[in-house]
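Content type PDB, C-alpha atoms, from the file entry_2.pdb:
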ATOM      1  CA  MET P   1      98.333  73.968 142.053  1.00  0.00           C
ATOM      2  CA  GLU P   2     101.353  72.111 143.343  1.00  0.00           C
ATOM      3  CA  LEU P   3     104.318  72.570 141.049  1.00  0.00           C
ATOM      4  CA  SER P   4     107.016  69.939 141.049  1.00  0.00           C
ATOM      5  CA  ALA P   5     109.586  68.649 138.604  1.00  0.00           C
ATOM      6  CA  GLU P   6     107.652  65.374 138.370  1.00  0.00           C
ATOM      7  CA  TYR P   7     104.353  67.135 137.642  1.00  0.00           C
ATOM      8  CA  LEU P   8     105.926  69.216 134.854  1.00  0.00           C
ATOM      9  CA  ARG P   9     107.692  66.157 133.422  1.00  0.00           C
ATOM     10  CA  GLU P  10     104.470  64.155 133.241  1.00  0.00           C
ATOM     11  CA  LYS P  11     102.512  67.023 131.685  1.00  0.00           C
ATOM     12  CA  LEU P  12     105.149  67.707 129.026  1.00  0.00           C
ATOM     13  CA  GLN P  13     105.488  64.016 128.248  1.00  0.00           C
ATOM     14  CA  ARG P  14     101.733  63.569 127.881  1.00  0.00           C
ATOM     15  CA  ASP P  15     100.788  66.771 126.050  1.00  0.00           C
ATOM     16  CA  LEU P  16     103.764  66.928 123.686  1.00  0.00           C
ATOM     17  CA  GLU P  17     103.946  63.145 123.195  1.00  0.00           C
ATOM     18  CA  ALA P  18     107.588  63.448 124.196  1.00  0.00           C
ATOM     19  CA  GLU P  19     109.826  60.441 124.108  1.00  0.00           C
ATOM     20  CA  HIS P  20     112.212  61.954 126.651  1.00  0.00           C
ATOM     21  CA  VAL P  21     111.756  64.715 129.235  1.00  0.00           C
ATOM     22  CA  GLU P  22     114.127  65.924 131.928  1.00  0.00           C
ATOM     23  CA  VAL P  23     113.014  68.532 134.463  1.00  0.00           C
ATOM     24  CA  GLU P  24     115.304  69.985 137.104  1.00  0.00           C
ATOM     25  CA  ASP P  25     114.177  72.262 139.916  1.00  0.00           C
ATOM     26  CA  THR P  26     116.981  74.848 139.862  1.00  0.00           C
ATOM     27  CA  THR P  27     115.705  76.869 142.808  1.00  0.00           C
ATOM     28  CA  PRO P  28     118.423  76.936 145.508  1.00  0.00           C
ATOM     29  CA  ASN P  29     116.026  75.751 148.229  1.00  0.00           C
ATOM     30  CA  ARG P  30     113.923  73.595 145.841  1.00  0.00           C
ATOM     31  CA  CYS P  31     110.836  75.767 146.307  1.00  0.00           C
ATOM     32  CA  SER P  32     109.660  75.019 142.747  1.00  0.00           C
ATOM     33  CA  SER P  33     109.894  78.484 141.260  1.00  0.00           C
ATOM     34  CA  SER P  34     112.769  77.892 138.838  1.00  0.00           C
ATOM     35  CA  PHE P  35     113.105  75.007 136.383  1.00  0.00           C
ATOM     36  CA  ARG P  36     115.329  73.751 133.568  1.00  0.00           C
ATOM     37  CA  VAL P  37     113.735  71.351 131.082  1.00  0.00           C
ATOM     38  CA  LEU P  38     114.844  69.200 128.178  1.00  0.00           C
ATOM     39  CA  VAL P  39     112.055  67.950 125.918  1.00  0.00           C
ATOM     40  CA  VAL P  40     112.528  65.502 123.032  1.00  0.00           C
ATOM     41  CA  SER P  41     109.472  65.230 120.798  1.00  0.00           C
ATOM     42  CA  ALA P  42     108.651  64.360 117.195  1.00  0.00           C
ATOM     43  CA  LYS P  43     106.217  67.312 117.343  1.00  0.00           C
ATOM     44  CA  PHE P  44     109.297  69.560 117.011  1.00  0.00           C
ATOM     45  CA  GLU P  45     110.220  68.132 113.577  1.00  0.00           C
ATOM     46  CA  GLY P  46     110.535  70.887 110.972  1.00  0.00           C
ATOM     47  CA  LYS P  47     109.830  73.657 113.485  1.00  0.00           C
ATOM     48  CA  PRO P  48     112.242  76.484 114.283  1.00  0.00           C
ATOM     49  CA  LEU P  49     113.358  77.030 117.870  1.00  0.00           C
ATOM     50  CA  LEU P  50     110.818  79.766 118.589  1.00  0.00           C
ATOM     51  CA  GLN P  51     107.890  77.559 117.535  1.00  0.00           C
ATOM     52  CA  ARG P  52     109.210  74.690 119.646  1.00  0.00           C
ATOM     53  CA  HIS P  53     109.445  76.942 122.687  1.00  0.00           C
ATOM     54  CA  ARG P  54     105.939  78.237 122.037  1.00  0.00           C
ATOM     55  CA  LEU P  55     104.647  74.651 122.074  1.00  0.00           C
ATOM     56  CA  VAL P  56     106.248  74.111 125.479  1.00  0.00           C
ATOM     57  CA  ASN P  57     105.033  77.473 126.781  1.00  0.00           C
ATOM     58  CA  THR P  58     101.484  76.757 125.601  1.00  0.00           C
ATOM     59  CA  CYS P  59     101.563  73.344 127.269  1.00  0.00           C
ATOM     60  CA  LEU P  60     102.637  74.929 130.562  1.00  0.00           C
ATOM     61  CA  ALA P  61     100.727  78.226 130.271  1.00  0.00           C
ATOM     62  CA  GLU P  62      99.017  77.949 133.672  1.00  0.00           C
ATOM     63  CA  GLU P  63     102.130  76.704 135.420  1.00  0.00           C
ATOM     64  CA  LEU P  64     104.361  79.445 133.985  1.00  0.00           C
ATOM     65  CA  LEU P  65     102.273  82.030 135.818  1.00  0.00           C
ATOM     66  CA  HIS P  66     103.794  80.640 139.041  1.00  0.00           C
ATOM     67  CA  ILE P  67     107.337  80.016 137.784  1.00  0.00           C
ATOM     68  CA  HIS P  68     109.916  82.797 138.097  1.00  0.00           C
ATOM     69  CA  ALA P  69     112.655  81.329 135.889  1.00  0.00           C
ATOM     70  CA  PHE P  70     112.263  78.773 133.111  1.00  0.00           C
ATOM     71  CA  GLU P  71     115.022  77.466 130.840  1.00  0.00           C
ATOM     72  CA  GLN P  72     114.185  75.043 128.067  1.00  0.00           C
ATOM     73  CA  LYS P  73     115.989  72.946 125.489  1.00  0.00           C
ATOM     74  CA  THR P  74     113.862  71.350 122.774  1.00  0.00           C
ATOM     75  CA  LEU P  75     115.128  68.620 120.464  1.00  0.00           C
ATOM     76  CA  THR P  76     113.751  66.259 117.841  1.00  0.00           C
ATOM     77  CA  PRO P  77     114.404  62.543 118.370  1.00  0.00           C
ATOM     78  CA  GLU P  78     117.091  62.696 115.655  1.00  0.00           C
ATOM     79  CA  GLN P  79     118.858  65.625 117.352  1.00  0.00           C
ATOM     80  CA  TRP P  80     118.644  63.819 120.703  1.00  0.00           C
ATOM     81  CA  ALA P  81     120.190  60.666 119.210  1.00  0.00           C
ATOM     82  CA  ARG P  82     123.093  62.728 117.832  1.00  0.00           C
ATOM     83  CA  GLU P  83     123.646  64.379 121.225  1.00  0.00           C
ATOM     84  CA  GLN P  84     123.734  60.973 122.915  1.00  0.00           C
ATOM     85  CA  GLN P  85     126.584  59.922 120.613  1.00  0.00           C
ATOM     86  CA  LYS P  86     128.815  62.835 121.662  1.00  0.00           C
TER
END
As structure tokens, how would this structure be written, given the file I've shared?
Amino acid sequence: MELSAEYLREKLQRDLEAEHVEVEDTTPNRCSSSFRVLVVSAKFEGKPLLQRHRLVNTCLAEELLHIHAFEQKTLTPEQWAREQQK
């Protein structure tokens, strides 16, 4: 499996029906073992943070076996709109 920021972005967007996804490879030499993600999805509506993170972790279960560090931020479309106004 070839891990890349683009691969993770597409998978999160497709599986979580996300309207916005940002993925950054935070590995110093870009060797794809550390990522930071932002996912905006209506599937997060009414769910606490832990459940949102579990949705992301379930989506990327196979990939996370090969990732050493993973930071995620999960927002609903309404929360994302408010952040954009700041």
At a cut-off of 10 Å, using only C-alpha atoms, what residues contact region 20-22 of chain P? Leave out same-chain residues fewer than 2 positions from it and give the result as a list in words. Ala5, Glu6, Leu8, Arg9, Glu10, Lys11, Leu12, Gln13, Leu16, Glu17, Ala18, Glu24, Arg36, Val37, Leu38, Val39, Val40, Ser41, Gln72, Lys73, Thr74, Leu75, Thr76, Pro77 and Trp80 of chain P
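Within the file as shown, the PyMOL selection byres ((chain P and resi 33) around 6) identifies P:Cys31, P:Ser32, P:Ser34, P:Ile67, P:His68.
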Dump as a short mmCIF file (atom, residue, chain, number, x, y, z; two decimals), keeping the file's coordinate frame, selection limited to C-alpha atoms:
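The resulting file, part11.cif, is shown below:
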data_model
loop_
_atom_site.label_atom_id
_atom_site.label_comp_id
_atom_site.auth_asym_id
_atom_site.auth_seq_id
_atom_site.Cartn_x
_atom_site.Cartn_y
_atom_site.Cartn_z
CA CYS P 31 110.84 75.77 146.31
CA SER P 32 109.66 75.02 142.75
CA SER P 34 112.77 77.89 138.84
CA ILE P 67 107.34 80.02 137.78
CA HIS P 68 109.92 82.80 138.10
#
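Note that CA of Phe44 (chain P) and CA of Asn57 (chain P) are 13.3 Å apart.
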What does the structure give for the distance between CA of Tyr7 (chain P) and CA of Val23 (chain P), in Å to one decimal? 9.3 Å
Starting from the displayed file, determine the output of the PyMOL selection byres ((chain P and resi 59) around 10) and express the residue list as a VMD selection string. chain P and resid 8 11 to 12 14 to 16 53 to 58 60 to 64
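Across the model, the gap from CA of Glu19 (chain P) to CA of His66 (chain P) is 25.8 Å.
Residue nearest Thr26 (chain P) within the list P:Lys86, P:Glu78, P:Leu50, P:Ser4: P:Ser4 [criterion: smallest interatomic distance, only C-alpha atoms].
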